[in-house]
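Undergrad: For reference, the structure I am asking about is given below.
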Amino acid sequence: MTALVRLRLAGFLRTGRALAPVLAGLLALGVLYGGGRAQPAEAYGVSAVVLFPVLAWQTKILLDVEPDVQRRLARVVVGPVREQVAGLVAAAVAGLGTVALALVFPWLVGGVTGQVPPGGRPVPAGIALGIWAHLLALPAAVALGALASRVITRSAGYGVAVLTVGAVGALVLGLSGSVAPWLAPPVMPTARALTGALAAPTGLLLTGWALAWAAVALAGYARGRRTRA
């Protein structure tokens, strides 16, 4: 399975398809940080929201790079479960690379400040919370991108529709006062939580929420793969 993960990552990188989501992410982050400096936790909380649709799109691109015939051969050779897991692992690894770039980028352009206001969080704590916020968004983004992939939607139009509805729904349903916030991953609630004092129970709740949402979405992906095999 490791060889299959490397094969899919190599195809994603060598075809140049990795450039589009990375450049889109950097452009969005450049606009975000162009408004002035912010504390690391607050800046990274919003960065995770901005990066969520980019990570989902990146996952869709990675899963769509492999030709259908090659995917079926891999399914026969390593088994259906390992073939699916290899794609998701490859998408997660690519997502971690994009997240690492997003964490470094604001320091290069002066988008965050190292000065701590009275009563503010120390910079290391803010960075740690920012890493947590991005890692919280990654599984849900991978799951959404997998649901929008060609093997599930069967057409580019439907894939874009799933990706758009999922990304917009995460923003709209995540607004304060939403009637059904549990329908979306907690990217917006996490960003709001990082603007103030984040209590441990709130952090655990958000973590469980994000993992549960991703697990349900990935279960839907696995079921879709079985019915479309």
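The way I read the labels, and the way they are meant: chains A, B, ... in the order of the structure tokens, residue 1 as the first residue of every chain, and ligand 1 as the first ligand shown, with later ones counted on from there.
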Give me, as a Markdown table, the closest atom pair and its distance (Å, one decimal) for every residue of segment 126-190 of chain A within a cut-off of 8 Å of segment 213-227 of chain A, counting only C-alpha atoms, rows sorted by chain and rising number.
TA:
```
| residue | atom | partner | partner_atom | distance |
| --- | --- | --- | --- | --- |
| A:Pro139 | CA | A:Ala214 | CA | 5.8 |
| A:Ala140 | CA | A:Ala214 | CA | 4.6 |
| A:Ala143 | CA | A:Leu218 | CA | 5.4 |
| A:Leu144 | CA | A:Ala217 | CA | 7.0 |
| A:Ala146 | CA | A:Tyr221 | CA | 6.6 |
| A:Leu147 | CA | A:Tyr221 | CA | 5.6 |
| A:Val151 | CA | A:Arg225 | CA | 7.2 |
| A:Ile152 | CA | A:Gly224 | CA | 6.0 |
| A:Leu183 | CA | A:Trp213 | CA | 8.0 |
| A:Ala184 | CA | A:Trp213 | CA | 7.4 |
| A:Pro185 | CA | A:Trp213 | CA | 6.0 |
```
Undergrad: Quick one: residues within 9 Å of Val85 of chain A, only C-alpha atoms, excluding same-chain residues fewer than 5 positions away - as number ranges by chain?
TA: A: 1, 5, 80, 90
Undergrad: Which residues are close to segment 20-29 of chain A, i.e. within 9 Å by only C-alpha atoms, leaving aside same-chain residues fewer than 2 positions away? Reply as a PDB file with all heavy atoms, in the first residue's frame.
TA:
```
ATOM      1  N   GLY A  16       1.945  18.236 -12.511  1.00  0.00           N
ATOM      2  CA  GLY A  16       1.793  19.672 -12.286  1.00  0.00           C
ATOM      3  C   GLY A  16       0.459  20.075 -11.691  1.00  0.00           C
ATOM      4  O   GLY A  16       0.205  21.269 -11.476  1.00  0.00           O
ATOM      5  N   ARG A  17      -0.411  19.091 -11.422  1.00  0.00           N
ATOM      6  CA  ARG A  17      -1.731  19.433 -10.893  1.00  0.00           C
ATOM      7  C   ARG A  17      -1.682  19.924  -9.454  1.00  0.00           C
ATOM      8  O   ARG A  17      -2.649  20.493  -8.963  1.00  0.00           O
ATOM      9  CB  ARG A  17      -2.657  18.224 -11.005  1.00  0.00           C
ATOM     10  CG  ARG A  17      -3.080  17.918 -12.439  1.00  0.00           C
ATOM     11  CD  ARG A  17      -3.980  16.692 -12.488  1.00  0.00           C
ATOM     12  NE  ARG A  17      -4.569  16.498 -13.814  1.00  0.00           N
ATOM     13  CZ  ARG A  17      -3.984  15.836 -14.789  1.00  0.00           C
ATOM     14  NH1 ARG A  17      -2.780  15.319 -14.611  1.00  0.00           N
ATOM     15  NH2 ARG A  17      -4.578  15.696 -15.960  1.00  0.00           N
ATOM     16  N   ALA A  18      -0.552  19.707  -8.792  1.00  0.00           N
ATOM     17  CA  ALA A  18      -0.421  20.187  -7.417  1.00  0.00           C
ATOM     18  C   ALA A  18      -0.288  21.699  -7.352  1.00  0.00           C
ATOM     19  O   ALA A  18      -0.546  22.312  -6.304  1.00  0.00           O
ATOM     20  CB  ALA A  18       0.797  19.534  -6.754  1.00  0.00           C
ATOM     21  N   VAL A  31      -4.229  37.574   0.484  1.00  0.00           N
ATOM     22  CA  VAL A  31      -5.302  38.557   0.693  1.00  0.00           C
ATOM     23  C   VAL A  31      -5.653  38.631   2.171  1.00  0.00           C
ATOM     24  O   VAL A  31      -5.876  39.726   2.731  1.00  0.00           O
ATOM     25  CB  VAL A  31      -6.538  38.178  -0.146  1.00  0.00           C
ATOM     26  CG1 VAL A  31      -7.710  39.095   0.176  1.00  0.00           C
ATOM     27  CG2 VAL A  31      -6.206  38.240  -1.631  1.00  0.00           C
ATOM     28  N   LEU A  32      -5.718  37.477   2.826  1.00  0.00           N
ATOM     29  CA  LEU A  32      -6.071  37.434   4.247  1.00  0.00           C
ATOM     30  C   LEU A  32      -5.071  38.213   5.096  1.00  0.00           C
ATOM     31  O   LEU A  32      -5.457  39.026   5.942  1.00  0.00           O
ATOM     32  CB  LEU A  32      -6.129  35.973   4.707  1.00  0.00           C
ATOM     33  CG  LEU A  32      -6.271  35.745   6.218  1.00  0.00           C
ATOM     34  CD1 LEU A  32      -7.613  36.269   6.716  1.00  0.00           C
ATOM     35  CD2 LEU A  32      -6.117  34.255   6.543  1.00  0.00           C
ATOM     36  N   TYR A  33      -3.799  37.981   4.878  1.00  0.00           N
ATOM     37  CA  TYR A  33      -2.778  38.608   5.714  1.00  0.00           C
ATOM     38  C   TYR A  33      -2.401  40.004   5.240  1.00  0.00           C
ATOM     39  O   TYR A  33      -1.620  40.683   5.905  1.00  0.00           O
ATOM     40  CB  TYR A  33      -1.524  37.718   5.767  1.00  0.00           C
ATOM     41  CG  TYR A  33      -1.751  36.424   6.509  1.00  0.00           C
ATOM     42  CD1 TYR A  33      -1.632  35.199   5.858  1.00  0.00           C
ATOM     43  CD2 TYR A  33      -2.110  36.423   7.852  1.00  0.00           C
ATOM     44  CE1 TYR A  33      -1.848  34.007   6.538  1.00  0.00           C
ATOM     45  CE2 TYR A  33      -2.319  35.238   8.542  1.00  0.00           C
ATOM     46  CZ  TYR A  33      -2.183  34.036   7.874  1.00  0.00           C
ATOM     47  OH  TYR A  33      -2.412  32.862   8.553  1.00  0.00           O
ATOM     48  N   GLY A  34      -2.957  40.411   4.111  1.00  0.00           N
ATOM     49  CA  GLY A  34      -2.652  41.753   3.623  1.00  0.00           C
ATOM     50  C   GLY A  34      -3.331  42.844   4.423  1.00  0.00           C
ATOM     51  O   GLY A  34      -3.005  44.030   4.273  1.00  0.00           O
ATOM     52  N   SER A  47      -7.177  31.325   8.916  1.00  0.00           N
ATOM     53  CA  SER A  47      -6.436  30.644   7.851  1.00  0.00           C
ATOM     54  C   SER A  47      -6.969  29.235   7.622  1.00  0.00           C
ATOM     55  O   SER A  47      -7.091  28.788   6.474  1.00  0.00           O
ATOM     56  CB  SER A  47      -4.949  30.586   8.226  1.00  0.00           C
ATOM     57  OG  SER A  47      -4.233  29.718   7.362  1.00  0.00           O
ATOM     58  N   VAL A  50     -10.112  29.513   5.556  1.00  0.00           N
ATOM     59  CA  VAL A  50      -9.795  29.833   4.160  1.00  0.00           C
ATOM     60  C   VAL A  50      -9.218  28.615   3.435  1.00  0.00           C
ATOM     61  O   VAL A  50      -9.509  28.380   2.255  1.00  0.00           O
ATOM     62  CB  VAL A  50      -8.808  31.011   4.112  1.00  0.00           C
ATOM     63  CG1 VAL A  50      -8.286  31.228   2.694  1.00  0.00           C
ATOM     64  CG2 VAL A  50      -9.469  32.288   4.625  1.00  0.00           C
ATOM     65  N   LEU A  51      -8.436  27.840   4.150  1.00  0.00           N
ATOM     66  CA  LEU A  51      -7.738  26.719   3.522  1.00  0.00           C
ATOM     67  C   LEU A  51      -8.633  25.492   3.356  1.00  0.00           C
ATOM     68  O   LEU A  51      -8.317  24.603   2.550  1.00  0.00           O
ATOM     69  CB  LEU A  51      -6.512  26.348   4.363  1.00  0.00           C
ATOM     70  CG  LEU A  51      -5.281  25.822   3.618  1.00  0.00           C
ATOM     71  CD1 LEU A  51      -4.771  26.866   2.642  1.00  0.00           C
ATOM     72  CD2 LEU A  51      -4.191  25.438   4.606  1.00  0.00           C
ATOM     73  N   VAL A  54      -9.724  24.779  -0.160  1.00  0.00           N
ATOM     74  CA  VAL A  54      -8.526  24.515  -0.963  1.00  0.00           C
ATOM     75  C   VAL A  54      -8.043  23.080  -0.734  1.00  0.00           C
ATOM     76  O   VAL A  54      -7.695  22.363  -1.683  1.00  0.00           O
ATOM     77  CB  VAL A  54      -7.418  25.520  -0.617  1.00  0.00           C
ATOM     78  CG1 VAL A  54      -6.128  25.179  -1.359  1.00  0.00           C
ATOM     79  CG2 VAL A  54      -7.858  26.939  -0.949  1.00  0.00           C
ATOM     80  N   LEU A  55      -8.042  22.647   0.512  1.00  0.00           N
ATOM     81  CA  LEU A  55      -7.621  21.279   0.827  1.00  0.00           C
ATOM     82  C   LEU A  55      -8.595  20.257   0.238  1.00  0.00           C
ATOM     83  O   LEU A  55      -8.174  19.197  -0.239  1.00  0.00           O
ATOM     84  CB  LEU A  55      -7.527  21.105   2.343  1.00  0.00           C
ATOM     85  CG  LEU A  55      -6.398  21.875   3.035  1.00  0.00           C
ATOM     86  CD1 LEU A  55      -6.554  21.791   4.548  1.00  0.00           C
ATOM     87  CD2 LEU A  55      -5.038  21.335   2.617  1.00  0.00           C
ATOM     88  N   TRP A  57     -10.442  20.712  -2.468  1.00  0.00           N
ATOM     89  CA  TRP A  57     -10.193  20.748  -3.911  1.00  0.00           C
ATOM     90  C   TRP A  57      -8.919  19.977  -4.248  1.00  0.00           C
ATOM     91  O   TRP A  57      -8.865  19.215  -5.229  1.00  0.00           O
ATOM     92  CB  TRP A  57     -10.094  22.197  -4.366  1.00  0.00           C
ATOM     93  CG  TRP A  57      -9.840  22.395  -5.823  1.00  0.00           C
ATOM     94  CD1 TRP A  57     -10.310  21.650  -6.862  1.00  0.00           C
ATOM     95  CD2 TRP A  57      -9.039  23.421  -6.424  1.00  0.00           C
ATOM     96  NE1 TRP A  57      -9.863  22.136  -8.062  1.00  0.00           N
ATOM     97  CE2 TRP A  57      -9.077  23.233  -7.822  1.00  0.00           C
ATOM     98  CE3 TRP A  57      -8.308  24.496  -5.905  1.00  0.00           C
ATOM     99  CZ2 TRP A  57      -8.399  24.067  -8.701  1.00  0.00           C
ATOM    100  CZ3 TRP A  57      -7.633  25.324  -6.788  1.00  0.00           C
ATOM    101  CH2 TRP A  57      -7.674  25.109  -8.167  1.00  0.00           C
ATOM    102  N   GLN A  58      -7.879  20.148  -3.444  1.00  0.00           N
ATOM    103  CA  GLN A  58      -6.623  19.449  -3.667  1.00  0.00           C
ATOM    104  C   GLN A  58      -6.837  17.940  -3.596  1.00  0.00           C
ATOM    105  O   GLN A  58      -6.280  17.180  -4.400  1.00  0.00           O
ATOM    106  CB  GLN A  58      -5.605  19.892  -2.613  1.00  0.00           C
ATOM    107  CG  GLN A  58      -4.265  19.187  -2.714  1.00  0.00           C
ATOM    108  CD  GLN A  58      -3.277  19.716  -1.699  1.00  0.00           C
ATOM    109  OE1 GLN A  58      -2.528  20.647  -1.972  1.00  0.00           O
ATOM    110  NE2 GLN A  58      -3.271  19.128  -0.517  1.00  0.00           N
ATOM    111  N   ILE A  61      -8.534  16.742  -6.795  1.00  0.00           N
ATOM    112  CA  ILE A  61      -7.586  16.708  -7.915  1.00  0.00           C
ATOM    113  C   ILE A  61      -6.683  15.484  -7.819  1.00  0.00           C
ATOM    114  O   ILE A  61      -6.455  14.771  -8.799  1.00  0.00           O
ATOM    115  CB  ILE A  61      -6.749  17.999  -7.946  1.00  0.00           C
ATOM    116  CG1 ILE A  61      -7.630  19.205  -8.287  1.00  0.00           C
ATOM    117  CG2 ILE A  61      -5.625  17.878  -8.973  1.00  0.00           C
ATOM    118  CD1 ILE A  61      -6.900  20.523  -8.211  1.00  0.00           C
ATOM    119  N   THR A  98       0.526  21.245   2.333  1.00  0.00           N
ATOM    120  CA  THR A  98      -0.127  22.546   2.134  1.00  0.00           C
ATOM    121  C   THR A  98      -0.325  23.256   3.471  1.00  0.00           C
ATOM    122  O   THR A  98      -0.144  24.472   3.576  1.00  0.00           O
ATOM    123  CB  THR A  98      -1.475  22.359   1.433  1.00  0.00           C
ATOM    124  OG1 THR A  98      -1.263  21.664   0.197  1.00  0.00           O
ATOM    125  CG2 THR A  98      -2.134  23.696   1.144  1.00  0.00           C
ATOM    126  N   LEU A 101       2.911  24.770   4.636  1.00  0.00           N
ATOM    127  CA  LEU A 101       3.176  25.999   3.896  1.00  0.00           C
ATOM    128  C   LEU A 101       2.325  27.149   4.428  1.00  0.00           C
ATOM    129  O   LEU A 101       2.811  28.287   4.569  1.00  0.00           O
ATOM    130  CB  LEU A 101       2.896  25.764   2.415  1.00  0.00           C
ATOM    131  CG  LEU A 101       3.307  26.883   1.438  1.00  0.00           C
ATOM    132  CD1 LEU A 101       4.798  27.120   1.509  1.00  0.00           C
ATOM    133  CD2 LEU A 101       2.904  26.497   0.015  1.00  0.00           C
ATOM    134  N   ALA A 102       1.069  26.864   4.751  1.00  0.00           N
ATOM    135  CA  ALA A 102       0.171  27.891   5.271  1.00  0.00           C
ATOM    136  C   ALA A 102       0.603  28.376   6.653  1.00  0.00           C
ATOM    137  O   ALA A 102       0.375  29.539   7.010  1.00  0.00           O
ATOM    138  CB  ALA A 102      -1.251  27.350   5.338  1.00  0.00           C
ATOM    139  N   PHE A 105       3.816  30.678   5.885  1.00  0.00           N
ATOM    140  CA  PHE A 105       3.583  31.816   4.996  1.00  0.00           C
ATOM    141  C   PHE A 105       3.364  33.152   5.722  1.00  0.00           C
ATOM    142  O   PHE A 105       3.979  34.158   5.350  1.00  0.00           O
ATOM    143  CB  PHE A 105       2.399  31.515   4.085  1.00  0.00           C
ATOM    144  CG  PHE A 105       2.084  32.607   3.098  1.00  0.00           C
ATOM    145  CD1 PHE A 105       2.866  32.806   1.968  1.00  0.00           C
ATOM    146  CD2 PHE A 105       1.005  33.464   3.300  1.00  0.00           C
ATOM    147  CE1 PHE A 105       2.585  33.811   1.063  1.00  0.00           C
ATOM    148  CE2 PHE A 105       0.713  34.471   2.401  1.00  0.00           C
ATOM    149  CZ  PHE A 105       1.501  34.651   1.282  1.00  0.00           C
ATOM    150  N   PRO A 106       2.513  33.244   6.756  1.00  0.00           N
ATOM    151  CA  PRO A 106       2.270  34.551   7.369  1.00  0.00           C
ATOM    152  C   PRO A 106       3.499  35.169   8.021  1.00  0.00           C
ATOM    153  O   PRO A 106       3.621  36.400   8.099  1.00  0.00           O
ATOM    154  CB  PRO A 106       1.178  34.262   8.411  1.00  0.00           C
ATOM    155  CG  PRO A 106       1.262  32.805   8.656  1.00  0.00           C
ATOM    156  CD  PRO A 106       1.670  32.197   7.357  1.00  0.00           C
TER     157      PRO A 106
END
```
Undergrad: Distance atom CA of Leu171 of chain A-atom CA of Pro53 of chain A, one decimal place?
TA: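 Atom CA of Leu171 of chain A sits 9.9 Å away from atom CA of Pro53 of chain A.
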Undergrad: Just want the 10 Å neighbourhood of Gly126 of chain A, counted on only C-alpha atoms, with same-chain residues fewer than 4 positions away dropped. Output as a VMD selection string.
TA: chain A and resid 39 to 45 114 120 to 122 130 to 132 194
Undergrad: For the residues in the current selection, export all heavy atoms as an mmCIF file, in the first residue's frame.
TA:
```cif
data_model
loop_
_atom_site.group_PDB
_atom_site.id
_atom_site.type_symbol
_atom_site.label_atom_id
_atom_site.label_comp_id
_atom_site.auth_asym_id
_atom_site.auth_seq_id
_atom_site.Cartn_x
_atom_site.Cartn_y
_atom_site.Cartn_z
ATOM 1 N N GLN A 39 -2.628 38.347 16.006
ATOM 2 C CA GLN A 39 -2.039 37.345 16.884
ATOM 3 C C GLN A 39 -2.082 35.978 16.196
ATOM 4 O O GLN A 39 -3.003 35.685 15.421
ATOM 5 C CB GLN A 39 -2.807 37.294 18.204
ATOM 6 C CG GLN A 39 -2.697 38.566 19.031
ATOM 7 C CD GLN A 39 -1.253 38.870 19.419
ATOM 8 O OE1 GLN A 39 -0.551 38.005 19.963
ATOM 9 N NE2 GLN A 39 -0.807 40.080 19.125
ATOM 10 N N PRO A 40 -1.079 35.114 16.459
ATOM 11 C CA PRO A 40 -1.000 33.839 15.731
ATOM 12 C C PRO A 40 -2.269 32.998 15.816
ATOM 13 O O PRO A 40 -2.741 32.473 14.799
ATOM 14 C CB PRO A 40 0.187 33.132 16.396
ATOM 15 C CG PRO A 40 1.053 34.241 16.886
ATOM 16 C CD PRO A 40 0.107 35.329 17.313
ATOM 17 N N ALA A 41 -2.856 32.849 17.004
ATOM 18 C CA ALA A 41 -4.029 31.985 17.149
ATOM 19 C C ALA A 41 -5.196 32.500 16.316
ATOM 20 O O ALA A 41 -5.855 31.732 15.599
ATOM 21 C CB ALA A 41 -4.428 31.889 18.619
ATOM 22 N N GLU A 42 -5.467 33.789 16.379
ATOM 23 C CA GLU A 42 -6.579 34.368 15.617
ATOM 24 C C GLU A 42 -6.326 34.249 14.116
ATOM 25 O O GLU A 42 -7.227 33.895 13.341
ATOM 26 C CB GLU A 42 -6.777 35.822 16.012
ATOM 27 C CG GLU A 42 -7.180 36.020 17.465
ATOM 28 C CD GLU A 42 -7.359 37.479 17.812
ATOM 29 O OE1 GLU A 42 -7.396 38.312 16.879
ATOM 30 O OE2 GLU A 42 -7.468 37.798 18.999
ATOM 31 N N ALA A 43 -5.097 34.563 13.708
ATOM 32 C CA ALA A 43 -4.772 34.516 12.280
ATOM 33 C C ALA A 43 -4.871 33.091 11.745
ATOM 34 O O ALA A 43 -5.448 32.852 10.678
ATOM 35 C CB ALA A 43 -3.363 35.062 12.052
ATOM 36 N N TYR A 44 -4.347 32.142 12.485
ATOM 37 C CA TYR A 44 -4.378 30.760 12.027
ATOM 38 C C TYR A 44 -5.794 30.184 12.047
ATOM 39 O O TYR A 44 -6.128 29.311 11.251
ATOM 40 C CB TYR A 44 -3.454 29.898 12.895
ATOM 41 C CG TYR A 44 -1.989 30.060 12.563
ATOM 42 C CD1 TYR A 44 -1.024 30.040 13.561
ATOM 43 C CD2 TYR A 44 -1.567 30.209 11.249
ATOM 44 C CE1 TYR A 44 0.324 30.167 13.271
ATOM 45 C CE2 TYR A 44 -0.229 30.345 10.935
ATOM 46 C CZ TYR A 44 0.720 30.319 11.957
ATOM 47 O OH TYR A 44 2.050 30.451 11.650
ATOM 48 N N GLY A 45 -6.629 30.643 12.978
ATOM 49 C CA GLY A 45 -8.011 30.185 12.988
ATOM 50 C C GLY A 45 -8.732 30.543 11.707
ATOM 51 O O GLY A 45 -9.433 29.715 11.104
ATOM 52 N N GLY A 114 4.726 38.925 16.751
ATOM 53 C CA GLY A 114 5.260 38.222 17.903
ATOM 54 C C GLY A 114 5.060 38.973 19.201
ATOM 55 O O GLY A 114 5.415 38.474 20.273
ATOM 56 N N GLY A 120 -2.787 38.512 26.654
ATOM 57 C CA GLY A 120 -2.840 37.707 25.437
ATOM 58 C C GLY A 120 -2.117 36.385 25.592
ATOM 59 O O GLY A 120 -1.434 36.139 26.589
ATOM 60 N N ARG A 121 -2.256 35.538 24.568
ATOM 61 C CA ARG A 121 -1.594 34.238 24.592
ATOM 62 C C ARG A 121 -0.123 34.381 24.223
ATOM 63 O O ARG A 121 0.218 35.168 23.332
ATOM 64 C CB ARG A 121 -2.239 33.282 23.582
ATOM 65 C CG ARG A 121 -3.650 32.837 23.897
ATOM 66 C CD ARG A 121 -4.028 31.729 22.933
ATOM 67 N NE ARG A 121 -5.419 31.296 23.121
ATOM 68 C CZ ARG A 121 -6.435 31.762 22.437
ATOM 69 N NH1 ARG A 121 -6.226 32.688 21.509
ATOM 70 N NH2 ARG A 121 -7.656 31.330 22.661
ATOM 71 N N PRO A 122 0.761 33.620 24.834
ATOM 72 C CA PRO A 122 2.148 33.575 24.366
ATOM 73 C C PRO A 122 2.197 33.068 22.924
ATOM 74 O O PRO A 122 1.336 32.295 22.495
ATOM 75 C CB PRO A 122 2.820 32.592 25.328
ATOM 76 C CG PRO A 122 1.932 32.548 26.527
ATOM 77 C CD PRO A 122 0.540 32.789 26.030
ATOM 78 N N GLY A 130 -2.929 27.195 16.442
ATOM 79 C CA GLY A 130 -3.091 27.314 14.994
ATOM 80 C C GLY A 130 -2.848 25.997 14.281
ATOM 81 O O GLY A 130 -3.576 25.642 13.340
ATOM 82 N N ILE A 131 -1.832 25.268 14.720
ATOM 83 C CA ILE A 131 -1.577 23.947 14.150
ATOM 84 C C ILE A 131 -2.773 23.029 14.398
ATOM 85 O O ILE A 131 -3.215 22.296 13.506
ATOM 86 C CB ILE A 131 -0.286 23.342 14.746
ATOM 87 C CG1 ILE A 131 0.925 24.187 14.331
ATOM 88 C CG2 ILE A 131 -0.111 21.899 14.317
ATOM 89 C CD1 ILE A 131 2.221 23.779 15.007
ATOM 90 N N TRP A 132 -3.300 23.090 15.622
ATOM 91 C CA TRP A 132 -4.473 22.282 15.969
ATOM 92 C C TRP A 132 -5.664 22.624 15.068
ATOM 93 O O TRP A 132 -6.366 21.720 14.590
ATOM 94 C CB TRP A 132 -4.816 22.519 17.440
ATOM 95 C CG TRP A 132 -6.142 21.980 17.875
ATOM 96 C CD1 TRP A 132 -6.471 20.673 18.091
ATOM 97 C CD2 TRP A 132 -7.327 22.742 18.154
ATOM 98 N NE1 TRP A 132 -7.789 20.581 18.487
ATOM 99 C CE2 TRP A 132 -8.326 21.819 18.539
ATOM 100 C CE3 TRP A 132 -7.626 24.104 18.136
ATOM 101 C CZ2 TRP A 132 -9.617 22.237 18.890
ATOM 102 C CZ3 TRP A 132 -8.898 24.514 18.487
ATOM 103 C CH2 TRP A 132 -9.878 23.588 18.851
ATOM 104 N N LEU A 194 -10.841 30.479 18.771
ATOM 105 C CA LEU A 194 -9.460 30.943 18.894
ATOM 106 C C LEU A 194 -9.357 32.450 19.075
ATOM 107 O O LEU A 194 -8.268 32.960 19.340
ATOM 108 C CB LEU A 194 -8.651 30.518 17.666
ATOM 109 C CG LEU A 194 -8.417 29.012 17.510
ATOM 110 C CD1 LEU A 194 -7.480 28.732 16.356
ATOM 111 C CD2 LEU A 194 -7.851 28.424 18.793
#
```
Undergrad: Could you check which of A:Val168, A:Leu7, A:Ala137, A:Ala156 is closest to Phe52 of chain A, using only C-alpha atoms?
TA: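 Ranking A:Val168, A:Leu7, A:Ala137, A:Ala156 by distance to Phe52 of chain A, first place goes to A:Ala137.
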Undergrad: Find the residue from A:Ala128, A:Ala92, A:Ala212, A:Val46 that sits nearest to Ala193 of chain A; use only C-alpha atoms when measuring.
TA: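 Closest candidate: A:Val46.
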Undergrad: From a DSSP calculation on the backbone, collect every residue of segment 8-208 of chain A in alpha helix (DSSP H) and output the set as a PyMOL selection string.
TA: chain A and resi 8-14+19-33+40-65+68-78+80-108+123-147+150-153+156-172+187-193+200-208
Undergrad: Determine, counting only C-alpha atoms, which protein, DNA and RNA residues have an atom within 8 Å of an atom of Ala170 of chain A; residues of the same chain fewer than 2 positions away are not included. Present the result as a PyMOL selection string.
TA: chain A and resi 166-168+172-174+184-188
Undergrad: Write out as a JSON list (two decimals) with all heavy atoms, in the first residue's frame the residues lying within 8 Å of Ala148 of chain A, counting only C-alpha atoms and excluding same-chain residues fewer than 3 positions away.
TA:
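Output saved as around02.json:
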```
[["chain", "number", "residue", "atom", "x", "y", "z"],
["A", 60, "LYS", "N", -9.63, 16.29, -4.24],
["A", 60, "LYS", "CA", -10.35, 15.88, -5.44],
["A", 60, "LYS", "C", -9.40, 15.76, -6.62],
["A", 60, "LYS", "O", -9.46, 14.79, -7.40],
["A", 60, "LYS", "CB", -11.47, 16.88, -5.75],
["A", 60, "LYS", "CG", -12.15, 16.63, -7.10],
["A", 60, "LYS", "CD", -13.30, 17.56, -7.34],
["A", 60, "LYS", "CE", -13.79, 17.50, -8.78],
["A", 60, "LYS", "NZ", -14.04, 16.13, -9.26],
["A", 144, "LEU", "N", -14.45, 15.58, 2.27],
["A", 144, "LEU", "CA", -15.26, 16.30, 1.29],
["A", 144, "LEU", "C", -14.69, 16.15, -0.11],
["A", 144, "LEU", "O", -15.43, 15.92, -1.08],
["A", 144, "LEU", "CB", -15.35, 17.78, 1.67],
["A", 144, "LEU", "CG", -16.08, 18.69, 0.68],
["A", 144, "LEU", "CD1", -17.52, 18.22, 0.47],
["A", 144, "LEU", "CD2", -16.05, 20.14, 1.16],
["A", 145, "GLY", "N", -13.38, 16.29, -0.24],
["A", 145, "GLY", "CA", -12.76, 16.11, -1.56],
["A", 145, "GLY", "C", -12.96, 14.71, -2.11],
["A", 145, "GLY", "O", -13.15, 14.52, -3.31],
["A", 152, "ILE", "N", -16.84, 8.88, -7.44],
["A", 152, "ILE", "CA", -18.13, 8.95, -6.75],
["A", 152, "ILE", "C", -19.15, 9.70, -7.59],
["A", 152, "ILE", "O", -20.29, 9.24, -7.79],
["A", 152, "ILE", "CB", -17.98, 9.63, -5.38],
["A", 152, "ILE", "CG1", -17.05, 8.82, -4.47],
["A", 152, "ILE", "CG2", -19.34, 9.81, -4.72],
["A", 152, "ILE", "CD1", -17.57, 7.45, -4.10],
["A", 153, "THR", "N", -18.79, 10.86, -8.10],
["A", 153, "THR", "CA", -19.76, 11.72, -8.79],
["A", 153, "THR", "C", -19.94, 11.36, -10.26],
["A", 153, "THR", "O", -20.95, 11.73, -10.86],
["A", 153, "THR", "CB", -19.32, 13.19, -8.69],
["A", 153, "THR", "OG1", -18.03, 13.35, -9.30],
["A", 153, "THR", "CG2", -19.24, 13.63, -7.23],
["A", 158, "TYR", "N", -20.91, 17.36, -11.52],
["A", 158, "TYR", "CA", -21.40, 16.92, -10.22],
["A", 158, "TYR", "C", -20.31, 17.05, -9.15],
["A", 158, "TYR", "O", -20.59, 17.38, -7.99],
["A", 158, "TYR", "CB", -21.89, 15.48, -10.29],
["A", 158, "TYR", "CG", -23.20, 15.31, -11.03],
["A", 158, "TYR", "CD1", -23.39, 14.26, -11.92],
["A", 158, "TYR", "CD2", -24.24, 16.21, -10.85],
["A", 158, "TYR", "CE1", -24.58, 14.11, -12.62],
["A", 158, "TYR", "CE2", -25.45, 16.06, -11.53],
["A", 158, "TYR", "CZ", -25.60, 15.02, -12.42],
["A", 158, "TYR", "OH", -26.79, 14.87, -13.10],
["A", 159, "GLY", "N", -19.08, 16.78, -9.55],
["A", 159, "GLY", "CA", -17.98, 16.90, -8.60],
["A", 159, "GLY", "C", -17.81, 18.32, -8.10],
["A", 159, "GLY", "O", -17.64, 18.57, -6.90],
["A", 160, "VAL", "N", -17.85, 19.28, -9.03],
["A", 160, "VAL", "CA", -17.75, 20.69, -8.65],
["A", 160, "VAL", "C", -18.93, 21.08, -7.77],
["A", 160, "VAL", "O", -18.78, 21.85, -6.81],
["A", 160, "VAL", "CB", -17.67, 21.57, -9.90],
["A", 160, "VAL", "CG1", -17.79, 23.04, -9.53],
["A", 160, "VAL", "CG2", -16.37, 21.32, -10.65],
["A", 161, "ALA", "N", -20.12, 20.55, -8.09],
["A", 161, "ALA", "CA", -21.30, 20.88, -7.29],
["A", 161, "ALA", "C", -21.16, 20.37, -5.86],
["A", 161, "ALA", "O", -21.45, 21.10, -4.90],
["A", 161, "ALA", "CB", -22.54, 20.27, -7.94],
["A", 162, "VAL", "N", -20.70, 19.15, -5.69],
["A", 162, "VAL", "CA", -20.50, 18.60, -4.34],
["A", 162, "VAL", "C", -19.46, 19.41, -3.59],
["A", 162, "VAL", "O", -19.64, 19.74, -2.40],
["A", 162, "VAL", "CB", -20.07, 17.12, -4.43],
["A", 162, "VAL", "CG1", -19.64, 16.60, -3.07],
["A", 162, "VAL", "CG2", -21.21, 16.28, -4.98],
["A", 163, "LEU", "N", -18.37, 19.74, -4.26],
["A", 163, "LEU", "CA", -17.31, 20.52, -3.62],
["A", 163, "LEU", "C", -17.80, 21.90, -3.21],
["A", 163, "LEU", "O", -17.53, 22.36, -2.09],
["A", 163, "LEU", "CB", -16.13, 20.65, -4.59],
["A", 163, "LEU", "CG", -14.77, 20.99, -4.01],
["A", 163, "LEU", "CD1", -14.30, 19.90, -3.08],
["A", 163, "LEU", "CD2", -13.76, 21.18, -5.14]]
```
